[in-house]
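Peer 1: Take this structure first; my questions come after.
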Amino acid sequence: MGMFTGKTAVITGAARGIGRAIAEKLASEGADLALCDLQTDWLTDTAEAVKALGVKVECFDADVSKGEDADKVIAGVLDTYGKIDIMVNNAGITKDGLMMRMSESDWDAVMSVNLKGTFLFSKAAAKPMMKQRNGVIVNIASIIGLIGNAGQCNYAASKAGVIALTKSTAKELAARNIRVNAVAPGFIQSKMTDALSDDVKSMLLDRIPAKRFGVPEDVANAVAFLAGDNSSYMTGQVLTVSGGMVM
Ligand code: NAP
């Protein structure tokens, strides 16, 4: 029996990258899953991979920045599974540029997906969790939300907002036995880091005491810890997974 056998988890942005690794980790511990993404083709790939682990999987085509999609997904999860135990707000985007050149639409797009999307899905999931008097929300922030980054003021502000949202909702929901925590990943191997030049990679690695980029599984392990009973006395916390880059 796995750590999450009998539990239902909703994961946004689950088609690829860190979201897919979180889906595989929670499924490997027995969780039945509801996977959401814009990319339904890739979502099917993730669903096939986790089904092979013997759990139930439902896929939802959803844009996290739309309130009606959040409500539709949570209603669908309740129809299928009857409850929601774990909500992982992972979907996120970047639209980088220096502030002086950043368009209003690039600012709005990043805030809508990263911050508003986390708010909308937290709110929709918290409703049944409050009735159940039980639940866990894990938000994926970023070290950039803690330390800032030139060329990413929209992303940094959105992730700092996710951290503030995490702490505020943790305070609001603790009395209902709902915990809310965040994971702040550092540089994780992805299409984005693969595309960096060797010079930029070596400059970044110089700043990482562990001397390697993280892998999506490093983040998934932290999510599983925060979603499980081993962290039952933790709420409103930000767990940094950065190879020591941020301490
Ligand atoms: P990724 O590979 O780009 O995956 C993100 C997933 O979210 C994609 O499948 C994407 O679909 C989906 N998505 C985007 N907008 C969406 C929307 N409006 N509604 C629903 N799904 C949407 O990113 P990742 O690197 O795995 O990052 C996952 C999370 O970790 C993000 O919140 C990111 O900010 C955070 N993070 C990543 C790193 C890193 O180094 N990779 C570091 C710190 C924090 P599309 O492909 O259609 O866009």
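By convention in this document, the chains of the structure tokens carry letters A, B, ... by their order, each chain's residues are numbered from 1, and ligands are numbered from 1 in the order they are shown.
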Around ligand 1, out to 8 Å and counting only C-alpha atoms and all ligand atoms, which residues are there? I want them as a VMD selection string.
Peer 2: chain A and resid 12 to 20 36 to 39 42 to 43 61 to 66 89 to 94 112 to 114 117 140 to 144 155 159 184 to 193 214 216
Peer 1: Next, dump the selected residues to file, keeping only N, CA and C atoms, as a short mmCIF file (atom, residue, chain, number, x, y, z; two decimals), in the first residue's frame.
Peer 2:
data_model
loop_
_atom_site.label_atom_id
_atom_site.label_comp_id
_atom_site.auth_asym_id
_atom_site.auth_seq_id
_atom_site.Cartn_x
_atom_site.Cartn_y
_atom_site.Cartn_z
N THR A 12 -2.41 20.50 -11.83
CA THR A 12 -2.52 21.35 -13.03
C THR A 12 -1.18 21.36 -13.77
N GLY A 13 -1.25 21.60 -15.08
CA GLY A 13 -0.02 21.62 -15.89
C GLY A 13 0.68 20.29 -15.87
N ALA A 14 -0.12 19.20 -15.93
CA ALA A 14 0.43 17.85 -15.73
C ALA A 14 0.93 17.19 -17.01
N ALA A 15 0.84 17.87 -18.15
CA ALA A 15 1.19 17.21 -19.41
C ALA A 15 2.67 16.89 -19.51
N ARG A 16 3.49 17.75 -18.91
CA ARG A 16 4.93 17.52 -19.10
C ARG A 16 5.72 18.12 -17.95
N GLY A 17 7.02 17.98 -18.03
CA GLY A 17 7.93 18.63 -17.09
C GLY A 17 7.66 18.23 -15.64
N ILE A 18 7.66 19.23 -14.78
CA ILE A 18 7.54 18.98 -13.35
C ILE A 18 6.16 18.40 -13.02
N GLY A 19 5.12 18.89 -13.70
CA GLY A 19 3.75 18.40 -13.44
C GLY A 19 3.63 16.91 -13.71
N ARG A 20 4.24 16.47 -14.80
CA ARG A 20 4.20 15.04 -15.13
C ARG A 20 4.95 14.23 -14.05
N CYS A 36 -4.88 18.09 -15.30
CA CYS A 36 -5.40 19.23 -16.08
C CYS A 36 -4.28 19.86 -16.88
N ASP A 37 -4.60 20.26 -18.07
CA ASP A 37 -3.63 21.00 -18.90
C ASP A 37 -4.32 21.57 -20.12
N LEU A 38 -3.62 22.47 -20.78
CA LEU A 38 -4.08 22.94 -22.10
C LEU A 38 -3.75 21.90 -23.16
N GLN A 39 -2.64 21.19 -22.93
CA GLN A 39 -2.10 20.26 -23.93
C GLN A 39 -2.68 18.87 -23.76
N TRP A 42 -0.48 15.64 -24.90
CA TRP A 42 0.58 15.21 -23.99
C TRP A 42 0.02 14.72 -22.67
N LEU A 43 -1.15 15.28 -22.32
CA LEU A 43 -1.81 14.85 -21.09
C LEU A 43 -2.15 13.36 -21.20
N ASP A 61 -9.29 19.07 -19.86
CA ASP A 61 -8.78 20.14 -20.69
C ASP A 61 -9.18 21.44 -19.99
N ALA A 62 -8.22 22.14 -19.40
CA ALA A 62 -8.59 23.31 -18.61
C ALA A 62 -7.52 24.39 -18.68
N ASP A 63 -7.98 25.62 -18.75
CA ASP A 63 -7.08 26.77 -18.67
C ASP A 63 -7.17 27.29 -17.23
N VAL A 64 -6.07 27.21 -16.50
CA VAL A 64 -6.14 27.55 -15.06
C VAL A 64 -6.50 29.01 -14.81
N SER A 65 -6.34 29.84 -15.82
CA SER A 65 -6.62 31.27 -15.61
C SER A 65 -8.12 31.59 -15.73
N LYS A 66 -8.94 30.55 -15.98
CA LYS A 66 -10.39 30.78 -16.12
C LYS A 66 -11.14 30.16 -14.96
N ASN A 89 -1.05 22.97 -7.45
CA ASN A 89 -1.08 24.08 -8.43
C ASN A 89 0.30 24.21 -9.05
N ASN A 90 0.47 23.57 -10.20
CA ASN A 90 1.79 23.51 -10.85
C ASN A 90 1.87 24.32 -12.14
N ALA A 91 0.74 24.48 -12.86
CA ALA A 91 0.80 25.14 -14.18
C ALA A 91 1.46 26.51 -14.06
N GLY A 92 2.39 26.80 -14.96
CA GLY A 92 3.05 28.09 -14.91
C GLY A 92 3.68 28.42 -16.25
N ILE A 93 3.82 29.70 -16.52
CA ILE A 93 4.45 30.14 -17.78
C ILE A 93 5.46 31.26 -17.50
N THR A 94 6.33 31.49 -18.47
CA THR A 94 7.21 32.66 -18.43
C THR A 94 6.99 33.48 -19.70
N SER A 112 -1.90 36.03 -14.80
CA SER A 112 -3.16 35.28 -14.92
C SER A 112 -2.97 33.80 -14.71
N VAL A 113 -1.93 33.24 -15.33
CA VAL A 113 -1.73 31.79 -15.21
C VAL A 113 -1.11 31.46 -13.85
N ASN A 114 0.00 32.12 -13.52
CA ASN A 114 0.77 31.70 -12.33
C ASN A 114 0.07 32.07 -11.02
N GLY A 117 -4.38 31.74 -11.54
CA GLY A 117 -4.70 30.31 -11.69
C GLY A 117 -4.57 29.57 -10.37
N ILE A 140 3.27 25.41 -6.56
CA ILE A 140 4.64 25.46 -7.07
C ILE A 140 5.01 26.92 -7.31
N ALA A 141 5.91 27.42 -6.47
CA ALA A 141 6.41 28.79 -6.59
C ALA A 141 7.73 28.74 -7.37
N SER A 142 8.72 29.49 -6.95
CA SER A 142 10.04 29.47 -7.59
C SER A 142 11.00 30.25 -6.70
N ILE A 143 12.28 29.91 -6.77
CA ILE A 143 13.26 30.73 -6.02
C ILE A 143 13.26 32.16 -6.56
N ILE A 144 12.83 32.32 -7.82
CA ILE A 144 12.81 33.68 -8.39
C ILE A 144 11.79 34.56 -7.64
N TYR A 155 7.32 37.31 -13.83
CA TYR A 155 7.39 35.95 -13.25
C TYR A 155 7.71 36.02 -11.75
N LYS A 159 5.34 34.73 -8.70
CA LYS A 159 5.74 33.65 -7.77
C LYS A 159 5.84 34.17 -6.33
N ALA A 184 9.53 25.84 -3.74
CA ALA A 184 10.21 26.84 -4.58
C ALA A 184 11.40 26.17 -5.26
N PRO A 185 11.19 25.69 -6.50
CA PRO A 185 12.31 25.04 -7.19
C PRO A 185 13.34 26.07 -7.66
N GLY A 186 14.59 25.60 -7.76
CA GLY A 186 15.64 26.41 -8.39
C GLY A 186 15.66 26.09 -9.87
N PHE A 187 16.86 25.91 -10.43
CA PHE A 187 16.95 25.56 -11.86
C PHE A 187 16.76 24.06 -12.04
N ILE A 188 15.67 23.70 -12.71
CA ILE A 188 15.31 22.31 -12.91
C ILE A 188 15.48 21.99 -14.40
N GLN A 189 16.10 20.85 -14.72
CA GLN A 189 16.29 20.47 -16.13
C GLN A 189 14.96 20.47 -16.86
N SER A 190 14.90 21.21 -17.93
CA SER A 190 13.67 21.34 -18.70
C SER A 190 14.06 21.80 -20.09
N LYS A 191 13.05 21.94 -20.95
CA LYS A 191 13.32 22.48 -22.29
C LYS A 191 14.02 23.84 -22.17
N MET A 192 13.62 24.60 -21.13
CA MET A 192 14.19 25.94 -20.94
C MET A 192 15.70 25.85 -20.62
N THR A 193 16.06 24.99 -19.67
CA THR A 193 17.48 24.91 -19.29
C THR A 193 18.30 24.22 -20.41
N GLY A 214 18.60 20.70 -10.97
CA GLY A 214 17.70 19.69 -10.42
C GLY A 214 17.01 18.93 -11.55
N PRO A 216 13.09 17.06 -12.53
CA PRO A 216 11.68 17.19 -12.09
C PRO A 216 11.35 16.30 -10.89
#
Peer 1: One number please: atom CA of A:Glu104 to atom CA of A:Asn154, in Å, one decimal.
Peer 2: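 About the pair atom CA of A:Glu104 and atom CA of A:Asn154: they are 9.9 Å apart.
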Peer 1: Mind dumping a table of every stretch 90-177 of chain A residue within 10 Å of stretch 222-230 of chain A, with the nearest atom pair and its distance in Å to one decimal, using only C-alpha atoms, sorted by chain and rising number, as CSV?
Peer 2:
residue,atom,partner,partner_atom,distance
A:Gly135,CA,A:Ala227,CA,8.8
A:Val136,CA,A:Ala227,CA,5.9
A:Ile137,CA,A:Ala227,CA,7.3
A:Val138,CA,A:Val223,CA,6.7
A:Asn139,CA,A:Val223,CA,8.7
A:Ile140,CA,A:Val223,CA,8.6
Peer 1: Which polymer residues have any atom within 10 Å of an atom of A:Leu173, counting only C-alpha atoms, with same-chain residues fewer than 3 positions away left out, as an mmCIF file with all heavy atoms, in the first residue's frame?
Peer 2:
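What ended up in around_21.cif:
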data_model
loop_
_atom_site.group_PDB
_atom_site.id
_atom_site.type_symbol
_atom_site.label_atom_id
_atom_site.label_comp_id
_atom_site.auth_asym_id
_atom_site.auth_seq_id
_atom_site.Cartn_x
_atom_site.Cartn_y
_atom_site.Cartn_z
ATOM 1 N N ALA A 126 -10.753 24.226 -2.254
ATOM 2 C CA ALA A 126 -10.928 24.405 -0.805
ATOM 3 C C ALA A 126 -12.383 24.191 -0.368
ATOM 4 O O ALA A 126 -12.644 23.794 0.762
ATOM 5 C CB ALA A 126 -10.447 25.792 -0.387
ATOM 6 N N MET A 129 -12.936 20.616 0.329
ATOM 7 C CA MET A 129 -12.011 20.283 1.427
ATOM 8 C C MET A 129 -12.541 20.812 2.757
ATOM 9 O O MET A 129 -12.415 20.167 3.797
ATOM 10 C CB MET A 129 -10.619 20.867 1.156
ATOM 11 C CG MET A 129 -9.826 20.144 0.089
ATOM 12 S SD MET A 129 -8.234 20.973 -0.182
ATOM 13 C CE MET A 129 -7.470 19.852 -1.366
ATOM 14 N N MET A 130 -13.149 22.015 2.728
ATOM 15 C CA MET A 130 -13.688 22.586 3.975
ATOM 16 C C MET A 130 -14.837 21.725 4.493
ATOM 17 O O MET A 130 -14.968 21.503 5.696
ATOM 18 C CB MET A 130 -14.146 24.026 3.728
ATOM 19 C CG MET A 130 -12.979 24.976 3.613
ATOM 20 S SD MET A 130 -13.454 26.605 3.042
ATOM 21 C CE MET A 130 -13.925 27.378 4.554
ATOM 22 N N ARG A 133 -13.430 18.746 5.948
ATOM 23 C CA ARG A 133 -12.539 19.095 7.063
ATOM 24 C C ARG A 133 -11.210 18.356 6.941
ATOM 25 O O ARG A 133 -10.638 17.864 7.905
ATOM 26 C CB ARG A 133 -13.191 18.814 8.414
ATOM 27 C CG ARG A 133 -14.409 19.686 8.631
ATOM 28 C CD ARG A 133 -14.776 19.875 10.082
ATOM 29 N NE ARG A 133 -15.705 20.978 10.233
ATOM 30 C CZ ARG A 133 -15.367 22.182 10.686
ATOM 31 N NH1 ARG A 133 -14.139 22.442 11.040
ATOM 32 N NH2 ARG A 133 -16.265 23.139 10.786
ATOM 33 N N ASN A 134 -10.720 18.353 5.695
ATOM 34 C CA ASN A 134 -9.459 17.647 5.437
ATOM 35 C C ASN A 134 -8.976 18.004 4.033
ATOM 36 O O ASN A 134 -9.790 18.082 3.119
ATOM 37 C CB ASN A 134 -9.717 16.137 5.529
ATOM 38 C CG ASN A 134 -8.449 15.347 5.388
ATOM 39 O OD1 ASN A 134 -7.446 15.691 6.000
ATOM 40 N ND2 ASN A 134 -8.489 14.321 4.564
ATOM 41 N N GLY A 135 -7.702 18.226 3.893
ATOM 42 C CA GLY A 135 -7.163 18.471 2.555
ATOM 43 C C GLY A 135 -5.775 19.088 2.610
ATOM 44 O O GLY A 135 -5.331 19.582 3.659
ATOM 45 N N VAL A 136 -5.099 19.012 1.458
ATOM 46 C CA VAL A 136 -3.748 19.556 1.348
ATOM 47 C C VAL A 136 -3.634 20.292 0.019
ATOM 48 O O VAL A 136 -4.047 19.764 -1.018
ATOM 49 C CB VAL A 136 -2.691 18.422 1.364
ATOM 50 C CG1 VAL A 136 -1.289 18.989 1.208
ATOM 51 C CG2 VAL A 136 -2.782 17.589 2.615
ATOM 52 N N SER A 168 -1.276 33.190 3.298
ATOM 53 C CA SER A 168 -2.583 33.733 3.699
ATOM 54 C C SER A 168 -3.646 32.644 3.743
ATOM 55 O O SER A 168 -4.435 32.562 4.693
ATOM 56 C CB SER A 168 -3.021 34.829 2.718
ATOM 57 O OG SER A 168 -2.060 35.850 2.687
ATOM 58 N N THR A 169 -3.662 31.776 2.699
ATOM 59 C CA THR A 169 -4.689 30.724 2.678
ATOM 60 C C THR A 169 -4.386 29.676 3.746
ATOM 61 O O THR A 169 -5.301 29.092 4.317
ATOM 62 C CB THR A 169 -4.802 30.085 1.274
ATOM 63 O OG1 THR A 169 -3.517 29.690 0.809
ATOM 64 C CG2 THR A 169 -5.406 31.058 0.277
ATOM 65 N N ALA A 170 -3.094 29.470 4.039
ATOM 66 C CA ALA A 170 -2.746 28.542 5.137
ATOM 67 C C ALA A 170 -3.374 29.030 6.441
ATOM 68 O O ALA A 170 -3.931 28.245 7.219
ATOM 69 C CB ALA A 170 -1.230 28.426 5.274
ATOM 70 N N ARG A 176 -9.730 24.361 9.531
ATOM 71 C CA ARG A 176 -10.548 23.325 8.883
ATOM 72 C C ARG A 176 -9.700 22.089 8.543
ATOM 73 O O ARG A 176 -10.100 21.264 7.708
ATOM 74 C CB ARG A 176 -11.185 23.851 7.591
ATOM 75 C CG ARG A 176 -12.075 25.041 7.790
ATOM 76 C CD ARG A 176 -13.348 24.677 8.547
ATOM 77 N NE ARG A 176 -14.247 25.823 8.598
ATOM 78 C CZ ARG A 176 -15.388 25.903 7.931
ATOM 79 N NH1 ARG A 176 -15.798 24.904 7.193
ATOM 80 N NH2 ARG A 176 -16.136 26.976 8.026
ATOM 81 N N ASN A 177 -8.494 22.023 9.108
ATOM 82 C CA ASN A 177 -7.611 20.867 8.880
ATOM 83 C C ASN A 177 -7.146 20.788 7.417
ATOM 84 O O ASN A 177 -6.998 19.704 6.864
ATOM 85 C CB ASN A 177 -8.313 19.571 9.309
ATOM 86 C CG ASN A 177 -7.337 18.426 9.455
ATOM 87 O OD1 ASN A 177 -6.176 18.643 9.796
ATOM 88 N ND2 ASN A 177 -7.787 17.204 9.172
ATOM 89 N N ILE A 178 -6.970 21.957 6.802
ATOM 90 C CA ILE A 178 -6.431 22.007 5.432
ATOM 91 C C ILE A 178 -5.066 22.699 5.512
ATOM 92 O O ILE A 178 -4.964 23.816 6.045
ATOM 93 C CB ILE A 178 -7.365 22.806 4.488
ATOM 94 C CG1 ILE A 178 -8.750 22.144 4.445
ATOM 95 C CG2 ILE A 178 -6.760 22.913 3.083
ATOM 96 C CD1 ILE A 178 -9.834 23.019 3.842
ATOM 97 N N ARG A 179 -4.051 22.016 5.005
ATOM 98 C CA ARG A 179 -2.703 22.594 5.007
ATOM 99 C C ARG A 179 -2.383 23.152 3.615
ATOM 100 O O ARG A 179 -2.800 22.581 2.608
ATOM 101 C CB ARG A 179 -1.662 21.536 5.385
ATOM 102 C CG ARG A 179 -1.883 20.968 6.772
ATOM 103 C CD ARG A 179 -0.776 20.021 7.202
ATOM 104 N NE ARG A 179 -0.658 18.848 6.359
ATOM 105 C CZ ARG A 179 0.353 18.601 5.542
ATOM 106 N NH1 ARG A 179 1.362 19.449 5.414
ATOM 107 N NH2 ARG A 179 0.379 17.479 4.842
ATOM 108 N N VAL A 180 -1.666 24.276 3.601
ATOM 109 C CA VAL A 180 -1.260 24.890 2.326
ATOM 110 C C VAL A 180 0.228 25.208 2.414
ATOM 111 O O VAL A 180 0.666 25.952 3.303
ATOM 112 C CB VAL A 180 -2.035 26.201 2.039
ATOM 113 C CG1 VAL A 180 -1.765 26.666 0.612
ATOM 114 C CG2 VAL A 180 -3.531 26.042 2.270
ATOM 115 N N THR A 235 2.380 24.012 7.829
ATOM 116 C CA THR A 235 1.501 24.762 6.924
ATOM 117 C C THR A 235 2.036 26.179 6.759
ATOM 118 O O THR A 235 2.728 26.705 7.641
ATOM 119 C CB THR A 235 0.024 24.734 7.390
ATOM 120 O OG1 THR A 235 -0.796 25.151 6.289
ATOM 121 C CG2 THR A 235 -0.242 25.628 8.594
#
Peer 1: What is the distance, in Å and to one decimal place, between atom CA of A:Ile86 and atom CA of A:Ala125?
Peer 2: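 According to the coordinates, atom CA of A:Ile86 and atom CA of A:Ala125 are separated by 8.6 Å.
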Peer 1: Determine the nearest neighbour of A:Asp85 from the options A:Ala210, A:Ile22, A:Met99, A:Leu33, counting only C-alpha atoms.
Peer 2: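 Checking each candidate against A:Asp85, we get A:Leu33 as the closest.
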Peer 1: Determine which residues of stretch 66-122 of chain A receive a DSSP assignment of alpha helix (DSSP H), computed from the backbone, and state them as a ChimeraX atom specification.
Peer 2: /A:67-81,104-110,117-122
Peer 1: How would you write, as a PyMOL selection string, the set of residues in stretch 51-235 of chain A that DSSP gives as strand (DSSP E)?
Peer 2: chain A and resi 57-61+86-89+135-140+178-185
Peer 1: Given the choices A:Ala157, A:Ile147, A:Leu196, A:Leu35, which gets closest to A:Thr240 if the distance is worked out from only C-alpha atoms?
Peer 2: A:Ile147
Peer 1: Hey, which of A:Gly151, A:Lys72, A:Gly243, A:Val238 ends up closest to A:Asp218? Count only C-alpha atoms.
Peer 2: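 Of A:Gly151, A:Lys72, A:Gly243, A:Val238, the one nearest A:Asp218 is A:Gly243, counting only C-alpha atoms.
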Peer 1: Between atom CA of A:Ala156 and atom CA of A:Glu68, what is the distance in Å, rounded to a tenth?
Peer 2: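 That distance, rounded to one decimal, is 26.3 Å.
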Peer 1: So which one's closest to A:Val10, A:Ala150, A:Val57, A:Ala49, A:Val219? Using only C-alpha atoms, please.
Peer 2: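 Residue with the minimum atom-to-atom distance to A:Val10: A:Val57.
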